[in-house]
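Engineer: My file is model38.tsv. It has TSV, C-alpha atoms:
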chain	number	residue	atom	x	y	z
A	1	MET	CA	-27.24	34.60	-3.73
A	2	ILE	CA	-27.03	31.05	-2.45
A	3	PRO	CA	-29.98	29.57	-0.54
A	4	PRO	CA	-29.44	30.15	3.17
A	5	ARG	CA	-28.31	27.04	4.97
A	6	SER	CA	-30.87	25.45	7.21
A	7	PRO	CA	-29.76	23.59	10.33
A	8	ASP	CA	-30.82	20.41	8.59
A	9	SER	CA	-28.15	20.66	5.93
A	10	ALA	CA	-25.18	21.66	8.03
A	11	PHE	CA	-22.83	19.22	6.35
A	12	VAL	CA	-20.11	20.84	4.31
A	13	PRO	CA	-18.28	18.26	2.21
A	14	THR	CA	-14.54	18.34	1.74
A	15	ARG	CA	-13.24	18.34	-1.82
A	16	ALA	CA	-12.65	14.60	-1.69
A	17	GLU	CA	-16.17	13.99	-0.35
A	18	LEU	CA	-17.60	16.16	-3.11
A	19	PHE	CA	-15.84	14.09	-5.75
A	20	LEU	CA	-16.75	10.78	-4.14
A	21	GLY	CA	-20.39	11.70	-3.58
A	22	PHE	CA	-20.92	12.45	-7.26
A	23	PHE	CA	-18.72	9.52	-8.27
A	24	LYS	CA	-21.08	7.16	-6.44
A	25	THR	CA	-24.14	8.89	-7.89
A	26	GLY	CA	-22.80	8.53	-11.42
A	27	LEU	CA	-22.18	4.83	-10.95
A	28	SER	CA	-25.50	4.04	-9.32
A	29	GLY	CA	-27.52	5.94	-11.88
A	30	PHE	CA	-28.94	3.06	-13.88
A	31	GLY	CA	-31.96	4.26	-15.82
A	32	GLY	CA	-31.78	7.88	-14.69
A	33	VAL	CA	-29.45	9.60	-12.28
A	34	MET	CA	-31.74	12.17	-10.71
A	35	PRO	CA	-33.46	10.00	-8.06
A	36	HIS	CA	-30.05	8.76	-6.90
A	37	ALA	CA	-28.72	12.31	-6.83
A	38	ARG	CA	-31.60	13.40	-4.62
A	39	ARG	CA	-31.03	10.54	-2.19
A	40	MET	CA	-27.31	11.27	-2.01
A	41	LEU	CA	-27.62	15.06	-1.65
A	42	VAL	CA	-30.65	15.37	0.61
A	43	GLU	CA	-31.02	12.13	2.56
A	44	ASP	CA	-27.63	10.42	2.84
A	45	ARG	CA	-25.12	13.26	3.00
A	46	ARG	CA	-27.43	16.20	3.74
A	47	TRP	CA	-25.49	18.72	1.72
A	48	LEU	CA	-28.85	20.25	0.73
A	49	ASP	CA	-32.32	20.39	2.21
A	50	ASP	CA	-35.41	19.63	0.17
A	51	ARG	CA	-36.12	23.21	-0.81
A	52	GLN	CA	-32.54	23.81	-1.96
A	53	PHE	CA	-32.69	20.62	-4.00
A	54	THR	CA	-35.92	21.70	-5.70
A	55	GLU	CA	-34.43	25.10	-6.49
A	56	LEU	CA	-31.33	23.54	-8.01
A	57	LEU	CA	-33.41	21.04	-9.94
A	58	SER	CA	-35.41	23.84	-11.55
A	59	LEU	CA	-32.13	25.55	-12.45
A	60	GLY	CA	-30.69	22.34	-13.88
A	61	GLN	CA	-33.78	21.76	-15.97
A	62	THR	CA	-34.22	25.31	-17.21
A	63	LEU	CA	-30.65	25.96	-18.31
A	64	PRO	CA	-29.48	24.18	-21.44
A	65	GLY	CA	-27.20	21.18	-21.10
A	66	PRO	CA	-27.33	17.96	-19.09
A	67	ASN	CA	-29.58	18.62	-16.06
A	68	ILE	CA	-27.61	16.62	-13.52
A	69	LEU	CA	-24.30	18.08	-14.69
A	70	ASN	CA	-25.65	21.61	-14.29
A	71	MET	CA	-26.63	20.75	-10.73
A	72	ALA	CA	-23.25	19.18	-9.96
A	73	VAL	CA	-21.48	22.30	-11.23
A	74	VAL	CA	-23.58	24.64	-9.09
A	75	ILE	CA	-23.32	22.48	-5.97
A	76	GLY	CA	-19.56	22.10	-6.42
A	77	ALA	CA	-19.17	25.86	-6.83
A	78	ARG	CA	-21.20	26.52	-3.75
A	79	PHE	CA	-18.89	24.54	-1.48
A	80	HIS	CA	-15.48	24.91	-3.14
A	81	GLY	CA	-15.64	27.44	-5.97
A	82	TRP	CA	-14.64	26.45	-9.47
A	83	VAL	CA	-12.43	23.65	-8.15
A	84	GLY	CA	-15.52	22.17	-6.56
A	85	SER	CA	-17.41	22.43	-9.86
A	86	VAL	CA	-14.65	20.60	-11.71
A	87	LEU	CA	-14.41	17.89	-9.03
A	88	ALA	CA	-18.18	17.33	-8.94
A	89	ALA	CA	-18.39	17.15	-12.74
A	90	LEU	CA	-15.42	14.77	-13.02
A	91	GLY	CA	-16.80	12.65	-10.20
A	92	LEU	CA	-20.15	12.38	-11.94
A	93	LEU	CA	-18.88	11.60	-15.44
A	94	SER	CA	-15.54	9.80	-15.20
A	95	ALA	CA	-16.61	6.28	-14.20
A	96	PRO	CA	-19.72	6.12	-16.44
A	97	LEU	CA	-17.64	7.41	-19.34
A	98	VAL	CA	-15.09	4.61	-18.91
A	99	ILE	CA	-17.89	2.03	-18.64
A	100	VAL	CA	-19.85	3.23	-21.66
A	101	LEU	CA	-16.71	3.36	-23.81
A	102	SER	CA	-15.74	-0.15	-22.69
A	103	LEU	CA	-19.18	-1.36	-23.68
A	104	ALA	CA	-18.85	0.40	-27.03
A	105	THR	CA	-15.47	-1.22	-27.65
A	106	LEU	CA	-16.94	-4.64	-26.86
A	107	TYR	CA	-19.82	-3.88	-29.18
A	108	GLY	CA	-17.36	-2.86	-31.90
A	109	ARG	CA	-15.65	-6.23	-31.56
A	110	PHE	CA	-18.81	-8.35	-31.63
A	111	ALA	CA	-20.95	-6.18	-33.89
A	112	HIS	CA	-21.17	-8.95	-36.50
A	113	SER	CA	-22.79	-11.47	-34.22
A	114	ALA	CA	-26.34	-12.01	-35.42
A	115	ARG	CA	-27.53	-12.63	-31.88
A	116	LEU	CA	-25.99	-9.42	-30.55
A	117	ILE	CA	-27.65	-7.48	-33.36
A	118	GLN	CA	-31.01	-8.98	-32.37
A	119	ILE	CA	-30.44	-8.19	-28.69
A	120	LEU	CA	-29.41	-4.61	-29.35
A	121	ALA	CA	-32.30	-3.98	-31.73
A	122	ALA	CA	-34.71	-5.11	-29.00
A	123	VAL	CA	-32.97	-3.00	-26.35
A	124	ALA	CA	-32.98	-0.01	-28.71
A	125	ALA	CA	-36.72	-0.37	-29.24
A	126	ALA	CA	-37.27	-0.55	-25.47
A	127	ALA	CA	-34.98	2.46	-24.93
A	128	ALA	CA	-37.01	4.44	-27.47
A	129	GLY	CA	-40.14	3.47	-25.55
A	130	LEU	CA	-38.59	4.77	-22.32
A	131	VAL	CA	-38.01	8.16	-23.94
A	132	LEU	CA	-41.67	8.29	-25.00
A	133	ALA	CA	-42.69	7.44	-21.43
A	134	THR	CA	-40.47	10.23	-20.08
A	135	GLY	CA	-42.13	12.69	-22.45
A	136	GLY	CA	-45.55	11.42	-21.44
A	137	ARG	CA	-44.81	11.77	-17.74
A	138	LEU	CA	-43.52	15.32	-18.23
A	139	ALA	CA	-46.64	16.16	-20.23
A	140	THR	CA	-48.97	15.01	-17.45
A	141	ARG	CA	-47.20	17.38	-15.03
A	142	MET	CA	-47.28	20.42	-17.37
A	143	ASP	CA	-49.80	23.27	-17.12
A	144	ARG	CA	-52.14	22.25	-19.92
A	145	ASP	CA	-53.56	25.53	-21.15
A	146	ALA	CA	-54.22	25.94	-24.89
A	147	GLY	CA	-51.03	27.96	-25.47
A	148	SER	CA	-48.73	25.36	-23.92
A	149	ILE	CA	-50.36	22.51	-25.81
A	150	PHE	CA	-50.04	24.44	-29.05
A	151	ILE	CA	-46.32	25.05	-28.42
A	152	LEU	CA	-45.78	21.40	-27.50
A	153	VAL	CA	-47.43	20.16	-30.68
A	154	VAL	CA	-45.58	22.63	-32.91
A	155	ALA	CA	-42.22	21.74	-31.28
A	156	PHE	CA	-42.95	18.05	-31.80
A	157	LEU	CA	-44.00	18.39	-35.44
A	158	ALA	CA	-41.18	20.77	-36.39
A	159	ASN	CA	-38.63	18.54	-34.71
A	160	PHE	CA	-39.75	15.04	-35.62
A	161	TRP	CA	-41.91	15.36	-38.69
A	162	LEU	CA	-40.51	18.35	-40.57
A	163	ARG	CA	-36.97	17.72	-39.24
A	164	LEU	CA	-36.31	21.44	-38.99
A	165	PRO	CA	-33.01	22.61	-37.45
A	166	LEU	CA	-33.29	22.82	-33.68
A	167	LEU	CA	-31.71	26.27	-33.52
A	168	GLY	CA	-34.50	27.70	-35.66
A	169	ILE	CA	-37.18	25.94	-33.61
A	170	LEU	CA	-35.75	27.35	-30.39
A	171	LEU	CA	-35.33	30.88	-31.76
A	172	VAL	CA	-38.96	31.01	-32.90
A	173	LEU	CA	-40.77	28.99	-30.24
A	174	GLY	CA	-38.60	30.06	-27.28
A	175	PRO	CA	-39.53	33.76	-27.20
A	176	LEU	CA	-43.12	32.96	-28.23
A	177	SER	CA	-43.62	30.42	-25.46
A	178	ILE	CA	-41.88	32.49	-22.78
A	179	GLY	CA	-43.98	35.49	-23.85
A	180	LEU	CA	-47.19	33.46	-23.55
A	181	ALA	CA	-46.11	32.19	-20.11
A	182	TRP	CA	-45.26	35.72	-19.03
A	183	ARG	CA	-48.67	36.97	-20.08
A	184	SER	CA	-50.53	34.24	-18.23
A	185	LEU	CA	-48.35	34.73	-15.12
A	186	ARG	CA	-49.17	38.45	-15.10
A	187	ARG	CA	-52.82	37.62	-15.45
A	188	GLU	CA	-52.64	35.22	-12.50
A	189	GLN	CA	-50.78	37.80	-10.43
A	190	ARG	CA	-53.37	40.48	-11.20
A	191	ALA	CA	-56.13	38.05	-10.27
A	192	GLN	CA	-54.40	37.54	-6.92
A	193	GLY	CA	-54.41	41.23	-6.14
A	194	GLY	CA	-51.90	42.96	-8.35
A	195	ALA	CA	-48.68	42.17	-6.49
A	196	PRO	CA	-45.77	41.93	-8.94
B	10	MET	CA	-17.21	8.14	-45.94
B	11	ASN	CA	-15.44	11.35	-45.03
B	12	GLY	CA	-15.28	11.71	-41.25
B	13	PRO	CA	-15.43	14.98	-39.34
B	14	SER	CA	-12.38	16.70	-37.85
B	15	LEU	CA	-11.98	16.79	-34.07
B	16	SER	CA	-12.11	20.59	-33.92
B	17	GLY	CA	-15.22	20.58	-36.10
B	18	LEU	CA	-16.84	18.04	-33.77
B	19	PHE	CA	-15.94	20.09	-30.73
B	20	LEU	CA	-17.55	23.24	-32.12
B	21	ARG	CA	-20.62	21.36	-33.30
B	22	PHE	CA	-21.16	19.86	-29.85
B	23	CYS	CA	-20.52	23.20	-28.14
B	24	LEU	CA	-23.50	24.51	-30.08
B	25	PHE	CA	-25.50	21.39	-29.14
B	26	SER	CA	-24.66	22.07	-25.50
B	27	LEU	CA	-26.33	25.48	-25.61
B	28	MET	CA	-29.33	24.12	-27.54
B	29	ALA	CA	-29.92	21.22	-25.13
B	30	VAL	CA	-33.01	22.73	-23.55
B	31	GLY	CA	-34.29	20.12	-21.14
B	32	GLY	CA	-31.16	17.98	-21.33
B	33	ALA	CA	-29.47	15.66	-23.77
B	34	THR	CA	-32.57	13.68	-24.71
B	35	ALA	CA	-34.17	16.68	-26.41
B	36	LEU	CA	-31.13	16.86	-28.70
B	37	VAL	CA	-31.55	13.40	-30.21
B	38	PRO	CA	-33.42	14.47	-33.39
B	39	GLU	CA	-31.01	17.34	-34.06
B	40	MET	CA	-28.00	15.04	-33.65
B	41	HIS	CA	-29.66	12.49	-35.92
B	42	ARG	CA	-30.39	15.20	-38.49
B	43	GLN	CA	-26.76	16.30	-38.62
B	44	VAL	CA	-24.91	13.02	-38.12
B	45	VAL	CA	-27.15	10.70	-40.17
B	46	ASP	CA	-29.29	12.78	-42.55
B	47	LEU	CA	-26.97	15.64	-43.51
B	48	HIS	CA	-23.51	14.08	-43.36
B	49	GLY	CA	-24.14	10.35	-43.55
B	50	TRP	CA	-21.48	9.64	-40.90
B	51	MET	CA	-23.44	6.63	-39.61
B	52	SER	CA	-26.62	4.70	-40.34
B	53	SER	CA	-29.88	5.33	-38.55
B	54	ALA	CA	-29.70	1.84	-37.04
B	55	ASP	CA	-26.20	2.49	-35.64
B	56	PHE	CA	-27.51	5.69	-34.10
B	57	ALA	CA	-30.35	3.84	-32.38
B	58	THR	CA	-27.98	1.09	-31.18
B	59	LEU	CA	-25.61	3.62	-29.60
B	60	PHE	CA	-28.54	5.20	-27.82
B	61	ALA	CA	-29.53	1.78	-26.49
B	62	ILE	CA	-26.01	1.13	-25.17
B	63	ALA	CA	-25.98	4.51	-23.44
B	64	GLN	CA	-29.36	3.80	-21.81
B	65	ALA	CA	-28.28	0.38	-20.61
B	66	ALA	CA	-25.09	1.69	-18.99
B	67	PRO	CA	-25.00	3.51	-15.64
B	68	GLY	CA	-24.60	7.26	-15.55
B	69	PRO	CA	-26.23	10.38	-16.98
B	70	ASN	CA	-27.81	10.01	-20.42
B	71	VAL	CA	-25.50	12.70	-21.81
B	72	LEU	CA	-23.06	9.82	-22.35
B	73	PHE	CA	-24.96	9.06	-25.53
B	74	VAL	CA	-23.00	11.98	-26.92
B	75	SER	CA	-19.74	10.26	-25.98
B	76	LEU	CA	-20.80	7.20	-27.97
B	77	ILE	CA	-21.61	9.30	-31.03
B	78	GLY	CA	-18.12	10.80	-30.75
B	79	TRP	CA	-16.63	7.32	-30.31
B	80	LYS	CA	-18.33	6.07	-33.45
B	81	LEU	CA	-17.16	9.08	-35.46
B	82	ALA	CA	-13.56	9.37	-34.25
B	83	GLY	CA	-12.71	6.73	-31.65
B	84	ILE	CA	-11.76	7.57	-28.06
B	85	PRO	CA	-10.46	11.08	-28.95
B	86	GLY	CA	-13.81	11.74	-30.65
B	87	ALA	CA	-15.66	10.57	-27.54
B	88	LEU	CA	-13.67	12.89	-25.28
B	89	VAL	CA	-13.95	15.87	-27.62
B	90	CYS	CA	-17.72	15.50	-28.08
B	91	THR	CA	-18.30	14.99	-24.35
B	92	LEU	CA	-16.25	18.06	-23.49
B	93	GLY	CA	-17.99	20.13	-26.16
B	94	MET	CA	-21.38	19.00	-24.92
B	95	CYS	CA	-20.58	19.75	-21.27
B	96	LEU	CA	-18.34	22.82	-21.21
B	97	PRO	CA	-20.51	25.71	-22.50
B	98	SER	CA	-23.60	24.72	-20.50
B	99	ALA	CA	-21.47	24.09	-17.40
B	100	LEU	CA	-19.94	27.58	-17.67
B	101	LEU	CA	-23.43	29.01	-18.02
B	102	ALA	CA	-24.67	27.05	-14.99
B	103	PHE	CA	-21.62	28.18	-12.99
B	104	THR	CA	-22.45	31.82	-13.77
B	105	VAL	CA	-26.22	31.68	-13.38
B	106	GLY	CA	-26.04	29.43	-10.29
B	107	ARG	CA	-25.05	32.41	-8.15
B	108	LEU	CA	-28.06	34.43	-9.25
B	109	TRP	CA	-30.78	31.80	-9.56
B	110	ASP	CA	-32.09	31.92	-6.02
B	111	ARG	CA	-32.18	35.70	-5.97
B	112	PHE	CA	-34.72	35.69	-8.79
B	113	ARG	CA	-36.99	33.05	-7.28
B	114	HIS	CA	-39.96	35.41	-7.22
B	115	SER	CA	-39.18	37.17	-10.48
B	116	THR	CA	-41.92	36.88	-13.08
B	117	TRP	CA	-39.27	36.51	-15.77
B	118	ARG	CA	-37.67	33.50	-14.15
B	119	MET	CA	-41.06	31.85	-13.72
B	120	ALA	CA	-42.00	32.71	-17.31
B	121	ILE	CA	-38.78	31.16	-18.63
B	122	GLU	CA	-39.30	27.99	-16.57
B	123	ARG	CA	-42.91	27.67	-17.59
B	124	GLY	CA	-42.37	28.69	-21.21
B	125	LEU	CA	-39.56	26.24	-21.87
B	126	ALA	CA	-41.47	23.25	-20.45
B	127	PRO	CA	-43.80	22.59	-23.43
B	128	ILE	CA	-40.92	23.00	-25.90
B	129	THR	CA	-38.82	20.51	-23.97
B	130	ILE	CA	-41.67	18.01	-23.83
B	131	GLY	CA	-42.37	18.35	-27.54
B	132	LEU	CA	-38.70	17.74	-28.29
B	133	VAL	CA	-38.48	14.74	-25.96
B	134	LEU	CA	-41.56	13.15	-27.55
B	135	GLY	CA	-40.00	13.85	-30.95
B	136	SER	CA	-36.84	12.08	-29.77
B	137	GLY	CA	-38.86	9.05	-28.73
B	138	CYS	CA	-40.64	8.81	-32.10
B	139	LEU	CA	-37.41	9.29	-34.01
B	140	LEU	CA	-35.69	6.54	-32.03
B	141	VAL	CA	-38.60	4.17	-32.66
B	142	GLN	CA	-38.31	4.93	-36.35
B	143	ALA	CA	-34.51	4.54	-36.33
B	144	THR	CA	-34.73	1.18	-34.57
B	145	GLY	CA	-36.78	-0.19	-37.41
B	146	THR	CA	-40.48	-0.48	-37.91
B	147	ARG	CA	-40.71	-4.26	-37.94
B	148	GLY	CA	-43.76	-5.44	-36.00
B	149	PRO	CA	-42.02	-7.11	-33.03
B	150	LEU	CA	-39.80	-4.09	-32.44
B	151	LEU	CA	-42.80	-1.75	-32.48
B	152	VAL	CA	-44.51	-4.00	-29.93
B	153	ILE	CA	-41.44	-3.87	-27.68
B	154	ALA	CA	-41.25	-0.07	-27.95
B	155	ALA	CA	-44.96	0.31	-27.19
B	156	LEU	CA	-44.81	-2.11	-24.25
B	157	SER	CA	-41.76	-0.43	-22.79
B	158	ALA	CA	-43.36	3.01	-23.14
B	159	LEU	CA	-46.57	1.84	-21.50
B	160	LEU	CA	-44.96	-0.18	-18.69
B	161	SER	CA	-42.49	2.53	-17.82
B	162	PHE	CA	-45.21	5.20	-17.94
B	163	ARG	CA	-47.44	3.18	-15.63
B	164	SER	CA	-45.01	1.67	-13.14
B	165	LYS	CA	-42.27	3.01	-10.92
B	166	LEU	CA	-40.00	0.03	-11.42
B	167	ASN	CA	-36.45	0.79	-12.49
B	168	PRO	CA	-36.59	1.10	-16.30
B	169	LEU	CA	-33.52	-1.11	-16.51
B	170	TRP	CA	-35.89	-4.07	-16.06
B	171	TRP	CA	-37.68	-3.26	-19.30
B	172	LEU	CA	-34.38	-2.99	-21.13
B	173	ALA	CA	-33.28	-6.34	-19.66
B	174	GLY	CA	-36.59	-7.93	-20.65
B	175	ALA	CA	-36.17	-6.68	-24.20
B	176	ALA	CA	-32.59	-8.00	-24.32
B	177	LEU	CA	-33.88	-11.40	-23.26
B	178	LEU	CA	-36.53	-11.40	-25.97
B	179	GLY	CA	-33.91	-10.43	-28.56
B	180	GLY	CA	-31.49	-13.05	-27.25
B	181	VAL	CA	-33.89	-15.98	-27.52
B	182	GLY	CA	-34.71	-14.97	-31.08
B	183	ALA	CA	-38.26	-13.81	-30.47
B	184	LEU	CA	-37.79	-11.09	-33.07
B	185	SER	CA	-36.77	-13.14	-36.05
As structure tokens, what does this structure read like?
Structural biologist:
Amino acid sequence: MIPPRSPDSAFVPTRAELFLGFFKTGLSGFGGVMPHARRMLVEDRRWLDDRQFTELLSLGQTLPGPNILNMAVVIGARFHGWVGSVLAALGLLSAPLVIVLSLATLYGRFAHSARLIQILAAVAAAAAGLVLATGGRLATRMDRDAGSIFILVVAFLANFWLRLPLLGILLVLGPLSIGLAWRSLRREQRAQGGAP
Amino acid sequence: MNGPSLSGLFLRFCLFSLMAVGGATALVPEMHRQVVDLHGWMSSADFATLFAIAQAAPGPNVLFVSLIGWKLAGIPGALVCTLGMCLPSALLAFTVGRLWDRFRHSTWRMAIERGLAPITIGLVLGSGCLLVQATGTRGPLLVIAALSALLSFRSKLNPLWWLAGAALLGGVGALS
């Protein structure tokens, strides 16, 4: 069910601590929340040990939806049921939501300033570059067999170049890619001596 | 311009939530396709600007969705889109979270993790290219995008520095 607690992570947060922990993570998460989340969960407050964090990260990344939110929901549930999930999610999102909407309102008011337009165009170009870098970093960590590279290229072309609907891309490539991964996993397992 | 209804937005973003394999960034081209290409609710440049604001603010990058909602229907739109984007996937995580660890050694779980990775990466790279295109393909902007991609790929510095550097360049008029 839930990863067994190790002596290292014997800290059970109260509901208020759960909210505040994620509140602080949300606010400190400039340029990506995940490193801050890890520091808060594993090092500062020790609600999780390293292995539990890695497990939850893989869950957050595999399930659809915002990765960090998925993790907050599962961690909240683990300590305080659905109330914990709601508190962790609200803690994570409330302050950044207020900030980003305030920024948007300011932008709405000054959107005609030529200088602001120049600044935002430059920031937008840099932000686009950051997304490319994220993709590049993920690609260097992926298993680069021919099947995976093929799927990556097809997903990229269908999505960016052909502008096909995402639902269709996922319904075709999802089963295909998971099937390919399943086949190569079975092959690896057989090579290791046939254990399932 | 005929704006969307709040209930329509909510349902649309509920579907986005379940399609967001690998997080909100992978959704960028699909959102652009629907909001800009199909319905013409905003310009491509507006879309890129909202993404930039979301990246420059603290917090998870899912807040980009809130800004799209804000642009389409003000604060109510922001709240409705954020809720739609978060609720279905959160319910799924809540349910699966209890079972995840039990299937750690299951071939199926490993196959799903491994199989989704290349799709996610392809979509994220597609997002990056689309955002470069949406920002505008003027030379100086392309240079900024390329520099930011390269610097952030190579160094571990907080990416906020590259955004700040770009803002400075834009502010002193280096782009005009």
Engineer: Quick one: residues within 9 Å of Phe56 of chain B, all atoms listed in the file, excluding same-chain residues fewer than 5 positions away - as a list in words?
Structural biologist: His41, Val44, Val45, Met51, Ala61, Ile77, Leu140, Ala143 and Thr144 of chain B
Engineer: Can you pull out the residues contacting Phe19 of chain A? Cut-off 12 Å, using only C-alpha atoms, and skip same-chain residues under 5 positions away; I want them as a list in words.
Structural biologist: Pro13, Thr14, Lys24, Thr25, Gly26, Ala72, Val73, Ile75, Gly76, Phe79, His80, Val83, Gly84, Ser85, Val86, Leu87, Ala88, Ala89, Leu90, Gly91, Leu92, Leu93, Ser94 and Ala95 of chain A
Engineer: Could you tell me how far atom CA of Gly108 of chain A sits from atom CA of Ala124 of chain A, in Å to one decimal place?
Structural biologist: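 Between atom CA of Ala124 of chain A and atom CA of Gly108 of chain A the gap works out to 16.2 Å.
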Engineer: Taking only C-alpha atoms into account, report as a PyMOL selection string which residues of chain A lie within 6 Å of chain B.
Structural biologist: chain A and resi 1+26-27+29-31+33+61-62+64-67+70+74+96+118-119+122-133+135+148+152+155-156+160+166+177-178+181-182
Engineer: In Å, how far is it from atom CA of Thr54 of chain A to atom CA of Cys90 of chain B?
Structural biologist: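 Separation of atom CA of Thr54 of chain A and atom CA of Cys90 of chain B: 29.5 Å.
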